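Note: the block below is model_21.cif and it holds mmCIF, C-alpha atoms.
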data_start
#
loop_
_atom_site.label_atom_id
_atom_site.label_comp_id
_atom_site.auth_asym_id
_atom_site.auth_seq_id
_atom_site.Cartn_x
_atom_site.Cartn_y
_atom_site.Cartn_z
CA MET A 268 -102.90 75.13 -53.04
CA VAL A 269 -99.86 76.45 -51.16
CA SER A 270 -99.08 75.41 -47.61
CA ILE A 271 -96.43 77.23 -45.55
CA TYR A 272 -95.22 75.99 -42.22
CA PHE A 273 -92.25 76.27 -39.90
CA SER A 274 -90.50 73.14 -38.69
CA GLN A 275 -88.30 72.91 -35.59
CA ARG A 276 -85.38 74.09 -37.77
CA ARG A 277 -87.38 77.07 -39.06
CA CYS A 278 -87.45 75.70 -42.56
CA VAL A 279 -89.99 77.53 -44.68
CA THR A 280 -91.48 74.78 -46.80
CA ILE A 281 -93.74 75.42 -49.76
CA ILE A 282 -95.77 72.51 -51.10
CA PHE A 283 -97.25 72.78 -54.57
CA PHE A 284 -99.96 70.18 -55.20
CA THR A 285 -99.93 69.27 -58.87
CA VAL A 286 -99.79 65.76 -60.35
CA SER A 287 -97.10 65.02 -57.83
CA SER A 288 -96.01 66.94 -54.75
CA VAL A 289 -92.79 68.85 -54.95
CA ILE A 290 -91.27 70.14 -51.75
CA ILE A 291 -88.72 72.91 -51.97
CA CYS A 292 -86.98 74.21 -48.89
CA LEU A 293 -86.40 77.79 -49.96
CA PHE A 294 -84.50 78.91 -46.92
CA THR A 295 -83.41 77.42 -43.63
CA ILE A 296 -81.71 78.74 -40.58
CA SER A 297 -80.86 76.40 -37.75
CA SER A 298 -82.79 77.35 -34.65
CA THR A 299 -80.54 78.44 -31.83
CA TYR A 300 -79.99 75.37 -29.73
CA VAL A 301 -79.71 75.77 -25.98
CA GLY A 302 -81.26 72.63 -24.53
CA ASP A 303 -79.04 69.55 -24.13
CA PHE A 304 -75.88 71.24 -25.33
CA VAL A 305 -74.56 69.82 -28.58
CA PRO A 306 -71.36 71.56 -29.69
CA PHE A 307 -71.25 70.46 -33.31
CA PRO A 308 -73.53 70.84 -36.33
CA SER A 309 -76.69 68.81 -36.67
CA ARG A 310 -76.07 68.60 -40.40
CA THR A 311 -73.55 66.33 -42.09
CA ILE A 312 -70.77 68.44 -43.59
CA ARG A 313 -70.47 67.75 -47.29
CA ARG A 314 -66.80 67.02 -47.75
CA PRO A 315 -63.41 67.11 -46.04
CA SER A 316 -61.75 70.46 -45.44
CA VAL A 317 -59.73 71.96 -48.29
CA TYR A 318 -57.63 73.95 -45.84
CA VAL A 319 -54.19 72.63 -46.78
CA ALA A 320 -51.07 74.77 -46.55
CA SER A 321 -49.75 73.85 -49.98
CA ALA A 322 -53.08 74.80 -51.55
CA TYR A 323 -52.83 78.37 -50.32
CA GLY A 324 -49.20 79.24 -50.89
CA CYS A 325 -49.34 81.62 -47.91
CA THR A 326 -51.42 80.40 -44.98
CA PRO A 327 -52.88 82.85 -42.44
CA ASP A 328 -50.36 81.81 -39.77
CA ALA A 329 -47.44 82.09 -42.18
CA PHE A 330 -48.63 85.49 -43.37
CA ALA A 331 -49.02 86.78 -39.81
CA SER A 332 -45.54 85.58 -38.81
CA GLY A 333 -44.01 88.38 -40.86
CA ARG A 334 -42.75 91.82 -39.84
CA TRP A 335 -43.19 95.53 -40.49
CA SER A 336 -40.64 97.15 -42.79
CA ARG A 337 -40.12 100.88 -43.26
CA LYS A 338 -40.98 102.16 -46.71
CA PRO A 339 -38.21 103.79 -48.74
CA ASP A 340 -38.23 107.54 -49.36
CA VAL A 341 -40.59 108.53 -46.54
CA HIS A 342 -40.83 112.30 -46.16
CA PRO A 343 -42.08 114.24 -43.12
CA LEU A 344 -45.52 115.81 -43.39
CA SER A 345 -45.85 119.58 -43.31
CA ASP A 346 -49.65 119.86 -43.50
CA THR A 347 -52.70 117.77 -42.59
CA SER A 348 -53.77 117.85 -46.25
CA GLN A 349 -50.92 115.39 -46.92
CA ILE A 350 -52.26 112.72 -44.54
CA MET A 351 -54.63 111.13 -47.06
CA ASN A 352 -51.89 110.70 -49.64
CA ALA A 353 -49.38 109.47 -47.05
CA SER A 354 -51.94 106.83 -46.06
CA GLY A 355 -52.09 105.62 -49.66
CA PHE A 356 -55.63 106.83 -50.43
CA LEU A 357 -57.26 109.13 -52.96
CA GLY A 358 -60.11 109.70 -50.55
CA CYS A 359 -62.74 107.74 -48.62
CA ALA A 360 -66.30 106.90 -49.65
CA LYS A 361 -67.58 106.95 -46.07
CA LYS A 362 -67.38 110.47 -44.68
CA ALA A 363 -68.55 110.02 -41.09
CA GLU A 364 -65.76 110.13 -38.46
CA GLU A 365 -63.15 110.77 -41.14
CA GLY A 366 -61.11 112.95 -38.80
CA LEU A 367 -61.16 110.29 -36.08
CA GLN A 368 -60.53 107.24 -38.27
CA LEU A 369 -57.67 108.84 -40.23
CA GLY A 370 -56.15 110.87 -37.40
CA LEU A 371 -56.64 114.18 -39.20
CA ASP A 372 -56.87 116.32 -36.06
CA TRP A 373 -56.14 116.19 -32.35
CA ASP A 374 -56.46 118.18 -29.15
CA GLU A 375 -54.07 120.94 -28.11
CA GLU A 376 -52.07 118.59 -25.88
CA HIS A 377 -51.07 116.41 -28.84
CA GLU A 378 -51.20 118.99 -31.63
CA SER A 379 -47.40 119.25 -31.94
CA LEU A 380 -47.17 115.45 -32.33
CA LEU A 381 -49.89 115.10 -34.98
CA LEU A 382 -47.87 115.53 -38.18
CA PRO A 383 -44.71 113.69 -37.01
CA TRP A 384 -46.89 110.80 -35.79
CA ARG A 385 -49.13 110.63 -38.88
CA GLY A 386 -46.14 110.69 -41.18
CA ASN A 387 -44.39 107.95 -39.25
CA VAL A 388 -47.38 105.67 -38.58
CA SER A 389 -48.07 105.34 -42.33
CA ALA A 390 -44.43 104.69 -43.18
CA TYR A 391 -44.47 100.88 -42.83
CA ASP A 392 -45.45 97.93 -45.00
CA TRP A 393 -46.23 94.42 -43.76
CA ILE A 394 -43.77 91.82 -45.08
CA PRO A 395 -45.31 88.28 -44.85
CA GLY A 396 -43.47 85.38 -43.27
CA ALA A 397 -40.69 83.43 -44.98
CA SER A 398 -42.97 80.74 -46.48
CA CYS A 399 -45.04 83.33 -48.34
CA GLU A 400 -42.70 84.04 -51.25
CA GLY A 401 -45.57 83.51 -53.68
CA TYR A 402 -47.86 86.04 -52.02
CA ASN A 403 -48.98 88.81 -54.36
CA LYS A 404 -50.56 91.73 -52.57
CA PRO A 405 -53.93 92.48 -54.19
CA GLU A 406 -54.31 95.95 -55.64
CA PRO A 407 -57.50 97.94 -54.95
CA THR A 408 -58.71 97.16 -58.48
CA ASP A 409 -58.19 93.43 -57.83
CA ILE A 410 -60.29 93.62 -54.68
CA LEU A 411 -63.02 95.56 -56.47
CA ARG A 412 -63.14 93.04 -59.31
CA GLN A 413 -63.38 90.20 -56.81
CA LEU A 414 -66.27 91.86 -54.96
CA VAL A 415 -68.21 92.40 -58.18
CA GLU A 416 -67.52 89.12 -59.96
CA ASP A 417 -67.28 86.64 -57.06
CA GLY A 418 -69.63 88.28 -54.58
CA GLY A 419 -69.61 90.87 -51.82
CA TRP A 420 -68.46 90.92 -48.21
CA LEU A 421 -70.75 91.27 -45.19
CA LEU A 422 -68.82 92.50 -42.13
CA LEU A 423 -70.37 91.77 -38.73
CA GLY A 424 -68.74 92.86 -35.51
CA ASP A 425 -68.36 95.77 -33.13
CA SER A 426 -66.88 99.23 -33.72
CA ILE A 427 -63.52 97.67 -34.67
CA SER A 428 -65.26 96.12 -37.69
CA ASP A 429 -66.92 99.49 -38.33
CA GLY A 430 -63.42 100.97 -38.58
CA HIS A 431 -62.42 98.15 -40.93
CA PHE A 432 -65.42 99.02 -43.12
CA PHE A 433 -64.28 102.65 -43.16
CA THR A 434 -60.81 101.53 -44.29
CA ILE A 435 -62.26 99.46 -47.13
CA SER A 436 -64.21 102.54 -48.25
CA CYS A 437 -60.86 104.33 -48.57
CA ILE A 438 -59.05 101.45 -50.30
CA LEU A 439 -61.74 101.20 -52.98
CA TYR A 440 -62.30 104.94 -53.47
CA PRO A 441 -63.14 106.46 -55.98
CA HIS A 442 -64.66 103.31 -57.46
CA VAL A 443 -67.29 102.95 -54.74
CA ARG A 444 -69.89 105.14 -53.07
CA ALA A 445 -71.09 104.81 -49.48
CA ASP A 446 -74.74 104.71 -48.48
CA PRO A 447 -75.20 106.35 -46.11
CA GLU A 448 -72.11 108.55 -46.20
CA TYR A 449 -72.94 109.76 -42.70
CA PRO A 450 -74.66 106.91 -40.81
CA PHE A 451 -76.43 107.92 -37.59
CA ASP A 452 -78.16 104.65 -36.72
CA ARG A 453 -75.57 102.48 -34.96
CA ASP A 454 -77.46 99.25 -35.58
CA GLY A 455 -78.31 100.11 -39.17
CA LYS A 456 -76.55 98.67 -42.20
CA GLN A 457 -73.85 100.59 -44.04
CA HIS A 458 -73.14 99.75 -47.69
CA LEU A 459 -70.52 100.32 -50.36
CA TYR A 460 -71.83 100.22 -53.95
CA LEU A 461 -70.00 100.35 -57.25
CA SER A 462 -69.90 103.99 -58.36
CA ARG A 463 -71.34 104.79 -61.76
CA SER A 464 -68.41 107.18 -62.24
CA SER A 465 -65.82 104.41 -61.79
CA SER A 466 -63.40 104.04 -64.69
CA LEU A 467 -63.66 100.25 -64.31
CA ILE A 468 -67.38 99.91 -65.05
CA THR A 469 -66.85 98.68 -68.64
CA GLN A 470 -64.04 96.30 -67.61
CA LEU A 471 -65.94 94.18 -65.11
CA LYS A 472 -67.91 90.96 -65.64
CA TYR A 473 -71.23 91.27 -63.86
CA PRO A 474 -73.10 88.26 -62.43
CA SER A 475 -76.59 87.72 -63.74
CA GLY A 476 -78.98 89.98 -61.84
CA PHE A 477 -76.28 92.33 -60.56
CA ASP A 478 -77.63 95.87 -60.09
CA ILE A 479 -75.05 98.65 -59.78
CA ASP A 480 -77.46 100.73 -57.69
CA LYS A 481 -78.82 97.94 -55.48
CA THR A 482 -76.14 95.22 -55.14
CA PRO A 483 -73.76 96.11 -52.27
CA LEU A 484 -70.11 95.19 -52.65
CA VAL A 485 -69.43 95.54 -48.92
CA THR A 486 -71.88 95.89 -46.01
CA PHE A 487 -71.27 96.47 -42.32
CA GLN A 488 -73.77 95.76 -39.54
CA ARG A 489 -72.99 96.12 -35.87
CA VAL A 490 -73.20 92.77 -34.05
CA ASP A 491 -71.09 92.94 -30.88
CA LEU A 492 -71.48 89.39 -29.53
CA LEU A 493 -72.45 87.43 -32.70
CA LEU A 494 -75.30 85.86 -30.67
CA GLY A 495 -78.45 87.39 -29.22
CA LYS A 496 -78.98 88.07 -25.53
CA ALA A 497 -81.84 85.57 -25.27
CA THR A 498 -79.64 82.78 -26.65
CA LEU A 499 -76.81 83.64 -24.29
CA LYS A 500 -79.14 83.87 -21.27
CA ALA A 501 -80.60 80.43 -22.06
CA LEU A 502 -77.11 78.93 -22.37
CA TYR A 503 -76.10 80.59 -19.09
CA LEU A 504 -79.08 79.13 -17.23
CA ASN A 505 -78.52 75.73 -18.83
CA LYS A 506 -74.92 75.61 -17.61
CA SER A 507 -75.48 77.12 -14.17
CA SER A 508 -75.30 74.82 -11.13
CA SER A 509 -77.47 77.23 -9.16
CA ALA A 510 -81.25 77.26 -9.20
CA SER A 511 -81.16 81.07 -9.02
CA PRO A 512 -77.93 82.33 -10.62
CA PRO A 513 -77.22 86.07 -10.71
CA GLU A 514 -78.37 88.05 -13.73
CA LEU A 515 -76.08 87.48 -16.69
CA PHE A 516 -76.14 90.96 -18.22
CA SER A 517 -75.68 94.41 -16.76
CA GLU A 518 -77.38 97.49 -18.20
CA GLN A 519 -74.30 98.25 -20.34
CA LEU A 520 -75.28 99.06 -23.91
CA VAL A 521 -74.57 96.34 -26.47
CA TRP A 522 -75.81 95.50 -29.98
CA ALA A 523 -76.63 91.80 -30.07
CA PRO A 524 -78.85 90.55 -32.89
CA ASP A 525 -79.13 86.79 -33.25
CA PRO A 526 -77.96 84.74 -36.27
CA ALA A 527 -81.64 84.22 -37.13
CA ILE A 528 -81.68 87.96 -37.89
CA TYR A 529 -78.49 88.42 -39.89
CA LEU A 530 -77.94 85.08 -41.63
CA PRO A 531 -81.01 85.40 -43.91
CA PHE A 532 -79.57 88.71 -45.12
CA PHE A 533 -76.18 87.12 -45.87
CA LEU A 534 -77.76 84.18 -47.68
CA GLY A 535 -80.40 86.21 -49.49
CA THR A 536 -80.91 86.31 -53.22
CA LEU A 537 -80.31 89.03 -55.82
CA PRO A 538 -79.96 91.94 -55.88
CA TYR A 539 -77.87 90.97 -52.82
CA ASN A 540 -74.92 88.81 -53.79
CA TYR A 541 -72.71 88.19 -50.75
CA GLN A 542 -70.02 85.55 -51.02
CA THR A 543 -68.20 86.13 -47.73
CA LEU A 544 -69.30 86.73 -44.15
CA ILE A 545 -66.47 88.32 -42.13
CA LEU A 546 -66.92 88.04 -38.35
CA ASN A 547 -65.02 89.52 -35.42
CA THR A 548 -65.72 89.50 -31.68
CA ALA A 549 -64.08 89.56 -28.23
CA GLY A 550 -63.92 93.22 -27.21
CA HIS A 551 -67.35 93.24 -25.53
CA TRP A 552 -66.83 89.95 -23.70
CA VAL A 553 -66.08 91.69 -20.41
CA THR A 554 -67.44 91.23 -16.89
CA SER A 555 -68.80 94.78 -16.82
CA LEU A 556 -71.33 93.52 -19.40
CA PHE A 557 -71.45 89.82 -18.42
CA MET A 558 -71.80 90.68 -14.73
CA GLY A 559 -72.99 87.17 -13.87
CA PHE A 560 -69.37 86.03 -14.15
CA ALA A 561 -67.74 88.88 -12.20
CA ASN A 562 -65.88 87.81 -9.05
CA HIS A 563 -63.02 88.92 -6.79
CA ASN A 564 -60.61 86.14 -7.76
CA GLU A 565 -57.49 87.71 -9.27
CA SER A 566 -56.23 84.35 -10.59
CA GLU A 567 -59.44 84.07 -12.64
CA GLY A 568 -59.08 87.54 -14.06
CA TYR A 569 -61.92 88.68 -11.78
CA GLY A 570 -64.35 86.51 -13.71
CA LEU A 571 -62.78 86.46 -17.16
CA ALA A 572 -61.68 82.82 -16.85
CA PRO A 573 -65.22 81.42 -16.41
CA LEU A 574 -66.46 83.91 -19.01
CA LEU A 575 -63.86 82.55 -21.44
CA GLU A 576 -65.20 79.01 -20.93
CA PHE A 577 -68.73 80.30 -21.54
CA PHE A 578 -67.50 82.11 -24.67
CA GLY A 579 -66.26 78.80 -26.08
CA ASP A 580 -69.66 77.16 -25.59
CA ALA A 581 -71.38 80.19 -27.12
CA MET A 582 -69.13 80.08 -30.19
CA ASP A 583 -70.02 76.40 -30.62
CA ILE A 584 -73.66 77.46 -30.89
CA LEU A 585 -72.72 80.15 -33.39
CA LEU A 586 -70.68 77.73 -35.48
CA ARG A 587 -73.53 75.23 -35.51
CA ASN A 588 -75.84 77.94 -36.83
CA LEU A 589 -73.30 78.96 -39.46
CA SER A 590 -72.63 75.40 -40.59
CA ASP A 591 -76.31 74.46 -40.85
CA ALA A 592 -77.10 77.68 -42.70
CA LEU A 593 -74.30 77.16 -45.24
CA GLU A 594 -75.38 73.57 -45.88
CA ASP A 595 -79.02 74.53 -46.28
CA ALA A 596 -78.18 77.43 -48.58
CA ASN A 597 -76.07 75.12 -50.73
CA GLU A 598 -79.03 72.75 -51.07
CA ARG A 599 -81.33 75.69 -51.87
CA ASP A 600 -78.95 76.90 -54.58
CA GLN A 601 -78.97 73.46 -56.19
CA TRP A 602 -82.77 73.36 -56.12
CA LEU A 603 -82.96 76.75 -57.75
CA GLY A 604 -80.59 76.11 -60.61
CA GLY A 605 -77.17 74.87 -59.58
CA ARG A 606 -74.15 75.76 -57.48
CA ARG A 607 -72.61 79.21 -57.25
CA LEU A 608 -69.35 79.74 -59.12
CA LYS A 609 -67.70 80.26 -55.73
CA GLU A 610 -69.29 78.87 -52.61
CA ARG A 611 -70.14 81.16 -49.73
CA GLN A 612 -67.43 81.52 -47.12
CA VAL A 613 -67.27 82.52 -43.47
CA ILE A 614 -64.09 84.26 -42.36
CA ILE A 615 -63.47 84.83 -38.65
CA ARG A 616 -60.73 87.40 -38.13
CA ALA A 617 -58.88 87.29 -34.84
CA TYR A 618 -59.64 90.24 -32.57
CA ASN A 619 -57.03 92.95 -32.12
CA PRO A 620 -56.30 94.08 -28.52
CA GLY A 621 -55.57 97.63 -27.48
CA HIS A 622 -52.27 99.00 -26.17
CA PRO A 623 -51.88 101.06 -22.98
CA ASN A 624 -50.36 104.55 -23.14
CA CYS A 625 -50.61 104.55 -26.92
CA HIS A 626 -50.74 108.36 -27.00
CA ASN A 627 -47.44 108.88 -25.20
CA ALA A 628 -44.90 110.58 -27.46
CA GLU A 629 -42.46 107.68 -27.11
CA VAL A 630 -45.10 105.20 -28.30
CA LEU A 631 -46.58 107.43 -30.99
CA LEU A 632 -43.24 108.01 -32.68
CA GLY A 633 -41.71 104.63 -31.88
CA GLY A 634 -43.16 102.66 -34.77
CA PRO A 635 -43.62 98.86 -34.62
CA VAL A 636 -42.71 96.94 -31.46
CA ASP A 637 -42.21 93.23 -32.07
CA PRO A 638 -42.64 91.29 -29.92
CA TYR A 639 -44.91 93.54 -27.93
CA PRO A 640 -44.63 92.84 -24.14
CA GLU A 641 -48.09 91.49 -23.40
CA ASP A 642 -47.68 91.83 -19.66
CA ASN A 643 -48.34 95.52 -20.30
CA LEU A 644 -51.95 94.59 -21.04
CA LYS A 645 -52.73 93.07 -17.63
CA GLY A 646 -55.52 94.76 -15.73
CA LEU A 647 -56.84 96.68 -18.74
CA TRP A 648 -60.38 95.60 -19.58
CA ASN A 649 -59.98 92.15 -21.21
CA TRP A 650 -57.01 93.10 -23.40
CA TRP A 651 -54.58 90.63 -21.84
CA TRP A 652 -57.19 87.90 -22.35
CA ILE A 653 -57.90 88.72 -26.00
CA ARG A 654 -55.31 86.19 -27.19
CA LYS A 655 -57.08 83.53 -25.11
CA PHE A 656 -60.45 84.43 -26.64
CA ASN A 657 -58.91 84.20 -30.12
CA ASP A 658 -57.33 80.83 -29.30
CA VAL A 659 -60.62 79.40 -28.01
CA PHE A 660 -62.52 80.59 -31.09
CA LYS A 661 -59.85 79.23 -33.43
CA ASP A 662 -59.83 75.87 -31.63
CA ARG A 663 -63.60 75.50 -32.04
CA VAL A 664 -63.37 76.37 -35.74
CA LEU A 665 -60.60 73.81 -36.32
CA LYS A 666 -62.56 71.11 -34.50
CA LEU A 667 -65.58 71.84 -36.68
CA GLU A 668 -63.57 71.17 -39.88
CA HIS A 669 -66.09 72.91 -42.11
CA PRO A 670 -64.39 73.72 -45.43
CA ASN A 671 -66.19 77.06 -45.74
CA ILE A 672 -65.55 78.37 -42.22
CA ASN A 673 -62.01 79.57 -41.55
CA PHE A 674 -60.29 81.43 -38.72
CA LEU A 675 -57.60 83.91 -39.77
CA SER A 676 -55.07 84.58 -36.98
CA LEU A 677 -54.06 88.00 -38.26
CA ASP A 678 -53.77 89.61 -34.82
CA PRO A 679 -49.92 89.70 -34.75
CA ILE A 680 -50.13 92.36 -37.47
CA GLY A 681 -51.84 94.78 -35.10
CA ARG A 682 -50.32 93.54 -31.85
CA SER A 683 -46.96 94.94 -32.90
CA ARG A 684 -48.36 98.42 -33.68
CA PRO A 685 -48.99 100.29 -30.41
CA ASP A 686 -48.62 103.49 -32.46
CA GLY A 687 -51.50 102.55 -34.77
CA HIS A 688 -54.59 103.65 -32.84
CA VAL A 689 -57.09 106.45 -33.35
CA THR A 690 -56.76 109.71 -31.43
CA ALA A 691 -59.78 109.00 -29.17
CA ASP A 692 -58.61 105.81 -27.45
CA CYS A 693 -56.06 102.99 -27.48
CA LEU A 694 -58.28 100.18 -28.80
CA HIS A 695 -59.66 101.30 -32.16
CA VAL A 696 -57.29 100.86 -35.08
CA LEU A 697 -56.17 103.80 -37.22
CA THR A 698 -57.00 103.79 -40.92
CA GLY A 699 -53.72 104.50 -42.70
CA SER A 700 -51.58 102.63 -40.14
CA GLY A 701 -51.34 99.69 -42.54
CA VAL A 702 -53.04 97.33 -40.08
CA PRO A 703 -56.65 97.22 -41.41
CA GLU A 704 -55.31 97.64 -44.95
CA THR A 705 -53.22 94.48 -44.50
CA TRP A 706 -56.22 92.58 -43.10
CA THR A 707 -58.19 93.53 -46.21
CA GLN A 708 -55.43 92.54 -48.63
CA TYR A 709 -54.89 89.15 -47.03
CA ILE A 710 -58.62 88.34 -46.84
CA SER A 711 -58.88 89.10 -50.56
CA TYR A 712 -55.84 86.93 -51.28
CA PHE A 713 -57.17 84.09 -49.11
CA LEU A 714 -60.54 84.08 -50.86
CA SER A 715 -58.87 84.12 -54.27
CA ARG A 716 -57.04 80.90 -53.41
CA LEU A 717 -60.10 78.93 -52.36
CA SER A 718 -61.21 76.06 -54.58
CA ARG A 719 -64.21 76.68 -56.77
#

Output the file's structure as structure tokens, nothing else.
Amino acid sequence: MVSIYFSQRRCVTIIFFTVSSVIICLFTISSTYVGDFVPFPSRTIRRPSVYVASAYGCTPDAFASGRWSRKPDVHPLSDTSQIMNASGFLGCAKKAEEGLQLGLDWDEEHESLLLPWRGNVSAYDWIPGASCEGYNKPEPTDILRQLVEDGGWLLLGDSISDGHFFTISCILYPHVRADPEYPFDRDGKQHLYLSRSSSLITQLKYPSGFDIDKTPLVTFQRVDLLLGKATLKALYLNKSSSASPPELFSEQLVWAPDPAIYLPFFLGTLPYNYQTLILNTAGHWVTSLFMGFANHNESEGYGLAPLLEFFGDAMDILLRNLSDALEDANERDQWLGGRRLKERQVIIRAYNPGHPNCHNAEVLLGGPVDPYPEDNLKGLWNWWWIRKFNDVFKDRVLKLEHPNINFLSLDPIGRSRPDGHVTADCLHVLTGSGVPETWTQYISYFLSRLSR
């Protein structure tokens, strides 16, 4: 006889009645908690944090305290066909929006600036801070080996993370293939798989159950807010002092699946083999979407200050879900045959703000600006507040002290590159600028230094 039921924590429990009863919790996801607000996990975290500076050699903050340095022997571009090579790529596995993401073409107004800008924007390398002498930049083959042998990456975030996924498809090309190459469903999953034509196929050590055709190395899914609308509405009503507060959300389009939707996918079993969940949010936390917080108070950023406080409470809910899910998955793994070689990790990458007037000739050809004058960001969406959103998120992660949930403050890398945006706007980051490439390299390095 098999009995299946759901507890308050949505634990699927299967009871096999033999001589003795054996109860195996195959999968659990903490239910989203919005009643009496509890900001920390309901589970006991297994052990103290291993996040110690000496253990990493180059901590995220030390890495991000570095600077951009011009590469030697940079030559001007004479044709758009040279852009891919100047960016350091042999090609890109994902084909959709290639012209936009790589800056391969532009309108007539900027046509004369295209080649000088694209040659210059790719002419810089990130040099880590002074305490990172031992940092070794991972090569594309190192990253590929890590994704195969240790486990894949699941990227969740908005269109900035989509651009990051595109960059990874270029870094790993030609060793990976994209499926789909031309995604049309914005809330659908995009995958990178090991290519059967890769020259590295015979040199890799494959985990048991790995399927070249079915085990993604990297996946992107659009998740703008990291929490679902229903969860955020319940939290909003719970915190409101009014019996009839204004509606929280406007009609503005947003993709907002709940952790109960995406965490089972991250923690699923073979052929999926994700080791790392990489999260990113802040760009859609604006009062044009969260209209319940909009006001006319300039000192409060016209509602961004109370929205920032709400964001902190919402991220506490997210972190509780993440912590409980990681603990439950660890227990499940032990039930089903032991611990993974490397435990699952959650990486939260600081959000990168936009830069005003990024398409002016002076900015396009000016290269890195460090420090960037942040007062320039005032009054533009929530860009001036992005640092505050990052600080709040980082503070909640540090207070949690979960050894497998880390916040990487890599935003200074992009903050100093007002020239490094796509041709369509001044928020999305250009592939080939060195910014998303540097994020990828450091994330790989960081994961390689984690204790087994």

Expand the PyMOL selection byres ((chain A and resi 697-712) around 6) into the explicit residue set it covers here, and present it as an mmCIF file with C-alpha atoms, keeping the file's coordinate frame.
data_model
loop_
_atom_site.group_PDB
_atom_site.id
_atom_site.type_symbol
_atom_site.label_atom_id
_atom_site.label_comp_id
_atom_site.auth_asym_id
_atom_site.auth_seq_id
_atom_site.Cartn_x
_atom_site.Cartn_y
_atom_site.Cartn_z
ATOM 1 C CA SER A 354 -51.940 106.830 -46.060
ATOM 2 C CA GLN A 368 -60.530 107.240 -38.270
ATOM 3 C CA LEU A 369 -57.670 108.840 -40.230
ATOM 4 C CA VAL A 388 -47.380 105.670 -38.580
ATOM 5 C CA SER A 389 -48.070 105.340 -42.330
ATOM 6 C CA PRO A 405 -53.930 92.480 -54.190
ATOM 7 C CA HIS A 431 -62.420 98.150 -40.930
ATOM 8 C CA THR A 434 -60.810 101.530 -44.290
ATOM 9 C CA GLY A 681 -51.840 94.780 -35.100
ATOM 10 C CA GLY A 687 -51.500 102.550 -34.770
ATOM 11 C CA HIS A 688 -54.590 103.650 -32.840
ATOM 12 C CA VAL A 689 -57.090 106.450 -33.350
ATOM 13 C CA VAL A 696 -57.290 100.860 -35.080
ATOM 14 C CA PHE A 713 -57.170 84.090 -49.110
ATOM 15 C CA LEU A 714 -60.540 84.080 -50.860
ATOM 16 C CA SER A 715 -58.870 84.120 -54.270
#

Selection under test: the PyMOL selection byres ((chain A and resi 638) around 12); residues as a PDB file with C-alpha atoms, in the coordinates of the input:
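Result file part-v8.pdb:
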ATOM      1  CA  SER A 332     -45.540  85.580 -38.810  1.00  0.00           C
ATOM      2  CA  GLY A 333     -44.010  88.380 -40.860  1.00  0.00           C
ATOM      3  CA  ARG A 334     -42.750  91.820 -39.840  1.00  0.00           C
ATOM      4  CA  TRP A 335     -43.190  95.530 -40.490  1.00  0.00           C
ATOM      5  CA  PRO A 635     -43.620  98.860 -34.620  1.00  0.00           C
ATOM      6  CA  VAL A 636     -42.710  96.940 -31.460  1.00  0.00           C
ATOM      7  CA  ASP A 637     -42.210  93.230 -32.070  1.00  0.00           C
ATOM      8  CA  TYR A 639     -44.910  93.540 -27.930  1.00  0.00           C
ATOM      9  CA  PRO A 640     -44.630  92.840 -24.140  1.00  0.00           C
ATOM     10  CA  GLU A 641     -48.090  91.490 -23.400  1.00  0.00           C
ATOM     11  CA  ASP A 642     -47.680  91.830 -19.660  1.00  0.00           C
ATOM     12  CA  ASN A 643     -48.340  95.520 -20.300  1.00  0.00           C
ATOM     13  CA  PRO A 679     -49.920  89.700 -34.750  1.00  0.00           C
ATOM     14  CA  ILE A 680     -50.130  92.360 -37.470  1.00  0.00           C
ATOM     15  CA  GLY A 681     -51.840  94.780 -35.100  1.00  0.00           C
ATOM     16  CA  ARG A 682     -50.320  93.540 -31.850  1.00  0.00           C
ATOM     17  CA  SER A 683     -46.960  94.940 -32.900  1.00  0.00           C
ATOM     18  CA  ARG A 684     -48.360  98.420 -33.680  1.00  0.00           C
ATOM     19  CA  PRO A 685     -48.990 100.290 -30.410  1.00  0.00           C
TER      20      PRO A 685
END

- Message: Neighbouring residues of Tyr473 in chain A were defined as those with any atom within 12 Å, considering only C-alpha atoms; residues of the same chain fewer than 6 positions away were excluded. Please report them as a ChimeraX atom specification.
- Response: /A:411-418,461,467,479,482,484,538,540

- Task: Take the PyMOL selection byres ((chain A and resi 626) around 9), apply it to the structure above, and return the hits as a PyMOL selection string.
- Result: chain A and resi 377+623-625+627-631+685-686+688+690+692-693

- Message: My list of candidates is A:Ser345, A:Gly455, A:Tyr460, A:Leu675. Which is closest to Leu439 in chain A when distances are computed with all atoms listed in the file?
- Response: A:Tyr460

Contacts between range 557-580 of chain A and range 623-667 of chain A, please, where a residue of range 623-667 of chain A counts if it comes within 7 Å (with all atoms listed in the file); show its shortest atom pair and distance in Å to one decimal, rows by chain and ascending number, as JSON lines.
{"residue": "A:Phe656", "atom": "CA", "partner": "A:Leu575", "partner_atom": "CA", "distance": 6.5}
{"residue": "A:Val659", "atom": "CA", "partner": "A:Gly579", "partner_atom": "CA", "distance": 6.0}
{"residue": "A:Phe660", "atom": "CA", "partner": "A:Gly579", "partner_atom": "CA", "distance": 6.5}

Written file, previous selection with C-alpha atoms, as a short mmCIF file (atom, residue, chain, number, x, y, z; two decimals), in the coordinates of the input:
data_model
loop_
_atom_site.label_atom_id
_atom_site.label_comp_id
_atom_site.auth_asym_id
_atom_site.auth_seq_id
_atom_site.Cartn_x
_atom_site.Cartn_y
_atom_site.Cartn_z
CA PHE A 656 -60.45 84.43 -26.64
CA VAL A 659 -60.62 79.40 -28.01
CA PHE A 660 -62.52 80.59 -31.09
#
